[in-house]
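Source file: target-v7.txt; contents: compact mmCIF, C-alpha atoms and all ligand atoms.
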# COMPACT_ATOMS: atom_id res chain seq x y z
CA MET A 1 -20.07 26.96 -21.78
CA ASP A 2 -18.76 23.65 -20.46
CA LEU A 3 -17.33 21.06 -22.83
CA SER A 4 -15.07 19.43 -20.23
CA ASP A 5 -16.47 15.93 -20.81
CA LYS A 6 -16.13 16.20 -24.61
CA LYS A 7 -13.43 15.23 -27.09
CA ALA A 8 -13.16 17.19 -30.31
CA LEU A 9 -11.25 16.55 -33.54
CA ILE A 10 -10.60 19.56 -35.75
CA THR A 11 -9.19 18.98 -39.22
CA GLY A 12 -6.59 21.41 -40.54
CA SER A 13 -6.08 22.89 -37.08
CA THR A 14 -2.39 23.75 -37.22
CA ARG A 15 -3.20 27.32 -38.33
CA GLY A 16 -5.89 29.76 -39.38
CA ILE A 17 -9.56 29.15 -38.60
CA GLY A 18 -8.98 25.53 -37.48
CA ARG A 19 -6.43 26.57 -34.89
CA ALA A 20 -8.73 29.27 -33.49
CA ILE A 21 -11.54 26.71 -33.26
CA ALA A 22 -9.25 24.33 -31.35
CA GLU A 23 -8.29 27.14 -28.96
CA TYR A 24 -11.92 28.06 -28.28
CA LEU A 25 -13.01 24.45 -27.69
CA ALA A 26 -10.01 23.87 -25.40
CA LYS A 27 -10.91 27.03 -23.48
CA ALA A 28 -14.40 25.57 -22.96
CA GLY A 29 -12.69 22.52 -21.42
CA ALA A 30 -12.79 20.04 -24.33
CA PHE A 31 -9.98 17.60 -25.07
CA VAL A 32 -8.81 18.64 -28.54
CA VAL A 33 -7.19 16.60 -31.29
CA ILE A 34 -5.14 18.79 -33.62
CA THR A 35 -4.67 17.39 -37.11
CA GLY A 36 -2.77 18.54 -40.17
CA ARG A 37 -0.43 17.09 -42.72
CA ASP A 38 2.70 17.47 -40.56
CA GLU A 39 2.80 15.44 -37.33
CA GLU A 40 5.52 17.50 -35.64
CA ARG A 41 3.68 20.75 -36.33
CA ALA A 42 0.38 19.26 -35.10
CA GLN A 43 2.08 18.16 -31.87
CA GLN A 44 3.66 21.60 -31.35
CA VAL A 45 0.31 23.32 -31.78
CA ALA A 46 -1.40 20.84 -29.44
CA LYS A 47 1.23 21.49 -26.78
CA SER A 48 0.84 25.25 -27.09
CA ILE A 49 -2.96 25.08 -26.80
CA SER A 50 -3.65 22.82 -23.82
CA ASP A 51 -2.53 19.90 -21.64
CA LYS A 52 -5.70 18.20 -22.80
CA ALA A 53 -4.61 18.00 -26.48
CA ILE A 54 -2.73 15.75 -28.88
CA GLY A 55 -1.42 16.37 -32.39
CA VAL A 56 -1.70 13.73 -35.12
CA ALA A 57 -0.84 13.82 -38.85
CA MET A 58 -3.87 13.26 -41.05
CA ASP A 59 -3.73 14.00 -44.78
CA LEU A 60 -7.28 14.38 -46.01
CA SER A 61 -6.26 13.75 -49.62
CA ASP A 62 -5.16 10.23 -48.64
CA PRO A 63 -7.79 7.66 -47.52
CA ASP A 64 -5.14 5.44 -45.86
CA SER A 65 -3.83 8.38 -43.82
CA ILE A 66 -7.38 9.23 -42.68
CA ARG A 67 -8.08 5.64 -41.63
CA SER A 68 -4.80 5.00 -39.83
CA ALA A 69 -4.79 8.39 -38.09
CA TYR A 70 -8.32 7.96 -36.76
CA GLU A 71 -7.55 4.40 -35.59
CA ARG A 72 -4.60 5.81 -33.65
CA ILE A 73 -6.70 8.61 -32.17
CA GLU A 74 -9.41 6.19 -31.03
CA LYS A 75 -6.79 3.93 -29.46
CA GLU A 76 -5.07 6.83 -27.65
CA VAL A 77 -8.00 8.93 -26.46
CA GLY A 78 -11.21 7.12 -27.47
CA PRO A 79 -13.98 8.06 -29.90
CA MET A 80 -14.76 11.72 -30.63
CA ASP A 81 -17.88 13.58 -29.47
CA ILE A 82 -17.28 16.56 -31.73
CA LEU A 83 -15.98 16.67 -35.31
CA ILE A 84 -15.11 19.93 -37.03
CA ASN A 85 -14.55 19.41 -40.76
CA ASN A 86 -12.50 22.54 -41.25
CA ALA A 87 -9.59 21.72 -43.58
CA GLY A 88 -10.02 22.98 -47.10
CA ILE A 89 -7.86 23.97 -50.05
CA THR A 90 -8.20 26.21 -53.08
CA LYS A 91 -6.72 25.73 -56.52
CA ASP A 92 -8.00 28.87 -58.24
CA LYS A 93 -8.05 29.14 -62.01
CA LEU A 94 -10.45 30.46 -64.61
CA PHE A 95 -12.80 27.64 -65.63
CA ILE A 96 -11.51 27.65 -69.19
CA ARG A 97 -8.03 26.77 -67.88
CA MET A 98 -9.10 24.43 -65.11
CA SER A 99 -7.73 20.91 -65.56
CA LEU A 100 -9.23 17.66 -64.30
CA GLU A 101 -6.34 17.56 -61.83
CA ASP A 102 -7.23 21.03 -60.44
CA TRP A 103 -10.82 19.86 -60.04
CA GLU A 104 -10.04 16.49 -58.46
CA GLU A 105 -7.45 17.78 -56.01
CA VAL A 106 -9.92 20.20 -54.43
CA ILE A 107 -12.79 17.66 -54.43
CA LYS A 108 -10.52 15.08 -52.79
CA VAL A 109 -9.59 17.21 -49.76
CA ASN A 110 -12.70 19.36 -49.31
CA LEU A 111 -15.34 16.71 -50.01
CA THR A 112 -14.09 13.12 -50.18
CA GLY A 113 -11.82 13.59 -47.16
CA THR A 114 -14.74 15.04 -45.22
CA PHE A 115 -16.94 12.09 -46.25
CA LEU A 116 -14.35 9.47 -45.26
CA LEU A 117 -13.46 10.96 -41.88
CA THR A 118 -17.08 11.65 -40.95
CA SER A 119 -18.06 8.07 -41.75
CA LEU A 120 -15.41 6.82 -39.30
CA VAL A 121 -16.18 9.31 -36.51
CA VAL A 122 -19.95 8.92 -36.72
CA LYS A 123 -19.79 5.26 -35.62
CA GLY A 124 -18.67 6.23 -32.11
CA MET A 125 -21.27 9.02 -31.95
CA LEU A 126 -24.05 6.57 -32.86
CA LYS A 127 -23.01 4.33 -29.95
CA LYS A 128 -22.94 7.27 -27.52
CA ARG A 129 -26.17 8.71 -28.88
CA TRP A 130 -24.59 12.15 -28.81
CA GLY A 131 -22.51 14.06 -31.32
CA ARG A 132 -21.80 17.40 -32.92
CA ILE A 133 -20.57 17.67 -36.51
CA ILE A 134 -19.77 21.08 -37.98
CA ASN A 135 -18.72 21.57 -41.57
CA ILE A 136 -16.91 24.72 -42.66
CA SER A 137 -18.43 25.82 -45.97
CA SER A 138 -17.96 29.29 -47.46
CA VAL A 139 -19.85 32.33 -48.69
CA VAL A 140 -18.65 31.45 -52.21
CA GLY A 141 -20.70 28.24 -51.99
CA PHE A 142 -23.72 30.60 -52.06
CA MET A 143 -22.51 33.51 -54.19
CA GLY A 144 -19.97 31.85 -56.52
CA ASN A 145 -16.67 33.49 -57.36
CA VAL A 146 -14.55 34.01 -60.46
CA GLY A 147 -11.70 31.48 -60.58
CA GLN A 148 -13.26 29.21 -57.95
CA VAL A 149 -15.60 26.84 -59.83
CA ASN A 150 -13.92 23.82 -58.20
CA TYR A 151 -13.72 25.30 -54.68
CA SER A 152 -17.20 26.80 -54.63
CA ALA A 153 -18.68 23.53 -55.96
CA THR A 154 -17.24 21.74 -52.91
CA LYS A 155 -18.51 24.42 -50.54
CA SER A 156 -22.07 24.24 -51.95
CA ALA A 157 -21.90 20.45 -51.81
CA LEU A 158 -21.08 20.61 -48.10
CA LEU A 159 -24.52 22.11 -47.55
CA GLY A 160 -26.31 19.16 -49.15
CA PHE A 161 -24.03 16.90 -47.13
CA THR A 162 -24.91 18.79 -43.92
CA LYS A 163 -28.66 18.88 -44.46
CA SER A 164 -29.00 15.22 -45.52
CA LEU A 165 -26.73 13.88 -42.77
CA ALA A 166 -28.58 16.00 -40.20
CA LYS A 167 -31.82 14.22 -41.16
CA GLU A 168 -30.21 10.77 -40.95
CA LEU A 169 -28.59 11.30 -37.55
CA ALA A 170 -31.14 13.45 -35.70
CA SER A 171 -32.89 10.50 -34.03
CA ARG A 172 -29.57 9.63 -32.33
CA ASN A 173 -29.10 13.13 -30.92
CA ILE A 174 -26.29 13.95 -33.32
CA THR A 175 -26.56 17.43 -34.81
CA VAL A 176 -24.94 18.39 -38.11
CA ASN A 177 -24.54 22.06 -39.01
CA ALA A 178 -22.47 24.22 -41.33
CA ILE A 179 -20.82 27.59 -41.04
CA ALA A 180 -20.26 29.70 -44.14
CA PRO A 181 -17.52 32.24 -43.42
CA GLY A 182 -17.04 35.29 -45.60
CA PHE A 183 -13.60 36.85 -46.02
CA ILE A 184 -11.47 35.78 -43.02
CA GLU A 185 -7.87 36.93 -42.56
CA THR A 186 -5.74 33.75 -42.74
CA ASP A 187 -2.93 32.30 -44.90
CA MET A 188 -5.62 31.33 -47.43
CA THR A 189 -6.58 34.96 -48.09
CA ALA A 190 -3.11 36.49 -47.47
CA VAL A 191 -2.15 35.58 -51.05
CA LEU A 192 -4.81 37.85 -52.60
CA SER A 193 -3.68 41.19 -54.09
CA GLU A 194 -4.31 44.44 -52.20
CA ASP A 195 -6.55 45.64 -55.07
CA LEU A 196 -8.73 42.55 -54.83
CA LYS A 197 -8.96 42.89 -51.03
CA LYS A 198 -10.10 46.51 -51.44
CA GLU A 199 -12.76 45.32 -53.89
CA TYR A 200 -14.01 42.66 -51.42
CA LEU A 201 -14.07 45.19 -48.56
CA LYS A 202 -16.48 47.41 -50.50
CA ASN A 203 -19.06 44.60 -50.28
CA ILE A 204 -18.79 44.02 -46.53
CA PRO A 205 -21.33 46.16 -44.63
CA LEU A 206 -19.46 45.75 -41.32
CA GLN A 207 -16.44 47.29 -43.12
CA ARG A 208 -13.78 44.87 -41.97
CA PHE A 209 -12.51 41.41 -42.81
CA GLY A 210 -13.32 38.65 -40.36
CA LYS A 211 -10.89 37.10 -37.90
CA PRO A 212 -10.57 33.34 -37.25
CA GLU A 213 -12.05 34.00 -33.79
CA ASP A 214 -15.27 35.30 -35.40
CA VAL A 215 -15.81 31.80 -36.80
CA ALA A 216 -14.49 29.94 -33.72
CA GLY A 217 -17.05 31.57 -31.41
CA VAL A 218 -19.92 30.30 -33.55
CA VAL A 219 -18.41 26.80 -33.63
CA ALA A 220 -18.17 26.79 -29.82
CA PHE A 221 -21.80 27.90 -29.59
CA LEU A 222 -22.94 25.10 -31.94
CA CYS A 223 -21.04 22.54 -29.82
CA SER A 224 -22.59 23.79 -26.59
CA SER A 225 -25.90 22.83 -24.97
CA MET A 226 -27.26 26.24 -26.05
CA ALA A 227 -27.49 24.83 -29.60
CA ASP A 228 -29.02 21.45 -28.71
CA TYR A 229 -32.11 22.14 -30.87
CA ILE A 230 -30.27 23.35 -33.99
CA THR A 231 -29.52 20.88 -36.78
CA GLY A 232 -29.24 20.96 -40.57
CA GLU A 233 -28.61 24.69 -40.34
CA VAL A 234 -26.06 26.97 -41.94
CA ILE A 235 -24.82 30.04 -40.10
CA HIS A 236 -23.27 32.83 -42.16
CA VAL A 237 -20.33 34.64 -40.58
CA ASN A 238 -19.47 37.27 -43.17
CA GLY A 239 -20.00 40.80 -41.89
CA GLY A 240 -23.23 41.06 -43.85
CA MET A 241 -21.83 40.49 -47.36
CA PHE A 242 -24.47 37.82 -48.16
P1 LIG A 301 -5.62 27.90 -44.16
O1 LIG A 301 -5.07 27.63 -45.51
O2 LIG A 301 -5.00 28.93 -43.30
O3 LIG A 301 -5.72 26.55 -43.33
C1 LIG A 301 -6.18 25.38 -43.91
C2 LIG A 301 -5.83 24.23 -43.02
O4 LIG A 301 -6.11 23.03 -43.73
C3 LIG A 301 -4.35 24.21 -42.68
O5 LIG A 301 -4.18 23.80 -41.33
C4 LIG A 301 -3.81 23.15 -43.64
O6 LIG A 301 -2.68 22.49 -43.16
C5 LIG A 301 -4.99 22.21 -43.73
N1 LIG A 301 -4.93 21.34 -44.89
C6 LIG A 301 -4.72 21.70 -46.18
N2 LIG A 301 -4.66 20.60 -46.95
C7 LIG A 301 -4.84 19.55 -46.12
C8 LIG A 301 -4.86 18.15 -46.32
N3 LIG A 301 -4.66 17.58 -47.52
N4 LIG A 301 -5.07 17.35 -45.25
C9 LIG A 301 -5.24 17.89 -44.02
N5 LIG A 301 -5.21 19.21 -43.76
C10 LIG A 301 -5.02 20.03 -44.82
O7 LIG A 301 -7.15 28.20 -44.40
P2 LIG A 301 -8.27 28.86 -43.48
O8 LIG A 301 -8.54 30.19 -44.05
O9 LIG A 301 -7.97 28.70 -42.05
O10 LIG A 301 -9.50 27.92 -43.91
C11 LIG A 301 -10.12 26.97 -43.07
C12 LIG A 301 -11.43 26.56 -43.71
O11 LIG A 301 -12.28 27.71 -43.81
C13 LIG A 301 -11.28 26.02 -45.12
O12 LIG A 301 -12.19 24.96 -45.32
C14 LIG A 301 -11.67 27.19 -46.00
O13 LIG A 301 -12.15 26.76 -47.23
C15 LIG A 301 -12.74 27.82 -45.14
N6 LIG A 301 -13.00 29.22 -45.45
C16 LIG A 301 -12.01 30.17 -45.33
C17 LIG A 301 -12.29 31.48 -45.64
C18 LIG A 301 -11.28 32.57 -45.52
O14 LIG A 301 -11.57 33.71 -45.95
N7 LIG A 301 -10.09 32.34 -44.98
C19 LIG A 301 -13.63 31.89 -46.09
C20 LIG A 301 -14.57 30.83 -46.18
C21 LIG A 301 -14.27 29.54 -45.85
Let me see whether you can do it: turn the structure in this file into structure tokens.
Amino acid sequence: MDLSDKKALITGSTRGIGRAIAEYLAKAGAFVVITGRDEERAQQVAKSISDKAIGVAMDLSDPDSIRSAYERIEKEVGPMDILINNAGITKDKLFIRMSLEDWEEVIKVNLTGTFLLTSLVVKGMLKKRWGRIINISSVVGFMGNVGQVNYSATKSALLGFTKSLAKELASRNITVNAIAPGFIETDMTAVLSEDLKKEYLKNIPLQRFGKPEDVAGVVAFLCSSMADYITGEVIHVNGGMF
């Protein structure tokens, strides 16, 4: 797998799945742009991953931050070939207690942020007539989950986003795919109670939770020439739970 002539931006890549994706793409030779809300942290992670990496603060809940960060990135390293829309947040609550604020906060980061950044990055891809966009959805976008009406709505919506955008961009050799991870061990799932984790484990045929690397390997594959003929697709990485 050789991505040495490619530049990749990964949102929310200071930890968890995003960081593992950045490590895998860097290992395949890509120049990687690490983004997160904290510039210093993003720069530290970039430094620890590769010489061919920079770290830039980009808050996906803030349109101005998205615009100014991407302008800076384009000025410093040029337009991106690969975009991984990974960052996502939860604000879990039973529907009956879910406020408009809980709803909007999750939509803003998971969906509107993804829309805004993609619309900036895609311009450079259209000029190059090459691009890879990968959106990180979730198994709960397919199965639903108690307490996650807001989150799972955004993860289902990312599929419509993926499939429609794939159709619009295919003639320019830009592929758009999604990955729907199951239960992956990161900070996001570390907050769940042991009882709940045991319950989830019962429904995973491969009898273990996933690791960030399980997702990162599939991302690397989708960015590589081995996946040149795959677009508008969703790949489930969930140990068989769906
Ligand atoms: P995490 O919570 O460990 O990492 C999320 C990343 O997003 C962090 O780097 C964080 O700084 C960043 N982020 C949060 N708010 C942001 C904002 N406003 N602007 C920019 N960056 C922001 O989560 P994890 O588990 O690594 O999740 C990554 C993606 O995978 C998310 O989209 C999540 O929904 C999805 N996912 C995770 C699963 C899991 O079991 N961990 C399962 C299915 C999907």
Region 30-40 of chain A surroundings by only C-alpha atoms, 10 Å radius, close-in-sequence under 2 positions cut, as a count of residues only: 52
Exercise on ligand LIG 301 (chain A), axis-aligned box with 4 Å per side, report centre and edge lengths in Å to one decimal, as AutoDock Vina command-line options:
--center_x -8.6 --center_y 25.5 --center_z -44.4 --size_x 19.9 --size_y 24.4 --size_z 14.2
Rounded to one decimal, what separation in Å do you get between atom O2 of ligand LIG 301 (chain A) and CA of Val109 (chain A)? 14.1 Å
I'd like the interatomic distance between CA of Lys197 (chain A) and CA of Ile184 (chain A), to a tenth of an Å. 11.0 Å
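Among the candidates A:Ser119, A:Thr231, A:Asn85, A:Ser156, the residue lying nearest to ligand LIG 301 (chain A) is A:Asn85 (atoms considered: only C-alpha atoms and all ligand atoms).
The smallest atom-to-atom distance between ligand LIG 301 (chain A) and any of A:Phe242, A:Phe183, A:Phe161, A:Trp130, using all atoms listed in the file, is found for A:Phe183.
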Pick from A:Thr118, A:Asn177, A:Asn110, A:Thr154, whichever lies nearest to Arg67 (chain A) using all atoms listed in the file: A:Thr118
Point-to-point distance in Å for atom O8 of ligand LIG 301 (chain A) and CA of Lys211 (chain A): 9.5 Å
Give me, as a list in words, all polymer residues having an atom no more than 10 Å from Met188 (chain A), counting all atoms listed in the file and skipping those fewer than 2 positions away in the same chain. Gly16, Ile17, Gly88, Ile89, Thr90, Phe183, Ile184, Glu185, Thr186, Ala190, Val191 and Leu192 of chain A
For Arg172 (chain A), list every protein, DNA or RNA residue within 12 Å, evaluated using all atoms listed in the file, and leave out those in the same chain fewer than 3 positions away; present the list as a PyMOL selection string. chain A and resi 122-132+165-169+175-176
Smallest atom-to-atom distance to Thr112 (chain A): which of A:Gly29, A:Val237, A:Leu158, A:Ser225, using all atoms listed in the file? A:Leu158
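Among A:Ser193, A:Asn238, A:Ser224, A:Asn173, the residue with the shortest atom-to-atom distance to Pro205 (chain A), counting all atoms listed in the file, is A:Asn238.
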Please output region 206-233 of chain A, rebuilt to include N, CA and C atoms, as a short mmCIF file (atom, residue, chain, number, x, y, z; two decimals), in the coordinates of the input.
data_model
loop_
_atom_site.label_atom_id
_atom_site.label_comp_id
_atom_site.auth_asym_id
_atom_site.auth_seq_id
_atom_site.Cartn_x
_atom_site.Cartn_y
_atom_site.Cartn_z
N LEU A 206 -20.13 45.47 -42.60
CA LEU A 206 -19.46 45.75 -41.32
C LEU A 206 -18.06 46.35 -41.51
N GLN A 207 -17.65 46.53 -42.74
CA GLN A 207 -16.44 47.29 -43.12
C GLN A 207 -15.13 46.77 -42.54
N ARG A 208 -15.07 45.47 -42.33
CA ARG A 208 -13.78 44.87 -41.97
C ARG A 208 -13.79 43.41 -42.39
N PHE A 209 -12.59 42.84 -42.56
CA PHE A 209 -12.51 41.41 -42.81
C PHE A 209 -12.70 40.68 -41.49
N GLY A 210 -13.11 39.42 -41.57
CA GLY A 210 -13.32 38.65 -40.36
C GLY A 210 -12.00 38.11 -39.80
N LYS A 211 -12.05 37.73 -38.54
CA LYS A 211 -10.89 37.10 -37.90
C LYS A 211 -11.26 35.63 -37.63
N PRO A 212 -10.26 34.75 -37.55
CA PRO A 212 -10.57 33.34 -37.25
C PRO A 212 -11.45 33.19 -36.01
N GLU A 213 -11.27 34.08 -35.04
CA GLU A 213 -12.05 34.00 -33.79
C GLU A 213 -13.54 34.26 -34.04
N ASP A 214 -13.87 35.05 -35.08
CA ASP A 214 -15.27 35.30 -35.40
C ASP A 214 -15.98 34.00 -35.77
N VAL A 215 -15.24 33.10 -36.42
CA VAL A 215 -15.81 31.80 -36.80
C VAL A 215 -15.78 30.85 -35.59
N ALA A 216 -14.68 30.88 -34.84
CA ALA A 216 -14.49 29.94 -33.72
C ALA A 216 -15.58 30.10 -32.66
N GLY A 217 -16.01 31.33 -32.42
CA GLY A 217 -17.05 31.57 -31.41
C GLY A 217 -18.36 30.89 -31.79
N VAL A 218 -18.68 30.91 -33.08
CA VAL A 218 -19.92 30.30 -33.55
C VAL A 218 -19.81 28.77 -33.46
N VAL A 219 -18.63 28.25 -33.76
CA VAL A 219 -18.41 26.80 -33.63
C VAL A 219 -18.63 26.38 -32.18
N ALA A 220 -18.04 27.13 -31.25
CA ALA A 220 -18.17 26.79 -29.82
C ALA A 220 -19.65 26.81 -29.41
N PHE A 221 -20.36 27.82 -29.89
CA PHE A 221 -21.80 27.90 -29.59
C PHE A 221 -22.53 26.65 -30.11
N LEU A 222 -22.25 26.26 -31.35
CA LEU A 222 -22.94 25.10 -31.94
C LEU A 222 -22.60 23.79 -31.22
N CYS A 223 -21.44 23.76 -30.57
CA CYS A 223 -21.04 22.54 -29.82
C CYS A 223 -21.67 22.53 -28.43
N SER A 224 -22.13 23.67 -27.97
CA SER A 224 -22.59 23.79 -26.59
C SER A 224 -24.05 23.36 -26.46
N SER A 225 -24.50 23.24 -25.21
CA SER A 225 -25.90 22.83 -24.97
C SER A 225 -26.88 23.92 -25.40
N MET A 226 -26.38 25.16 -25.60
CA MET A 226 -27.26 26.24 -26.05
C MET A 226 -27.78 25.97 -27.47
N ALA A 227 -27.09 25.11 -28.20
CA ALA A 227 -27.49 24.83 -29.60
C ALA A 227 -28.07 23.43 -29.77
N ASP A 228 -28.53 22.83 -28.66
CA ASP A 228 -29.02 21.45 -28.71
C ASP A 228 -30.16 21.24 -29.72
N TYR A 229 -30.92 22.29 -30.02
CA TYR A 229 -32.11 22.14 -30.87
C TYR A 229 -31.87 22.67 -32.29
N ILE A 230 -30.60 22.85 -32.64
CA ILE A 230 -30.27 23.35 -33.99
C ILE A 230 -29.60 22.23 -34.78
N THR A 231 -30.20 21.84 -35.89
CA THR A 231 -29.52 20.88 -36.78
C THR A 231 -29.91 21.12 -38.23
N GLY A 232 -29.00 20.78 -39.14
CA GLY A 232 -29.24 20.96 -40.57
C GLY A 232 -29.20 22.43 -40.97
N GLU A 233 -28.58 23.24 -40.13
CA GLU A 233 -28.61 24.69 -40.34
C GLU A 233 -27.26 25.19 -40.87
#
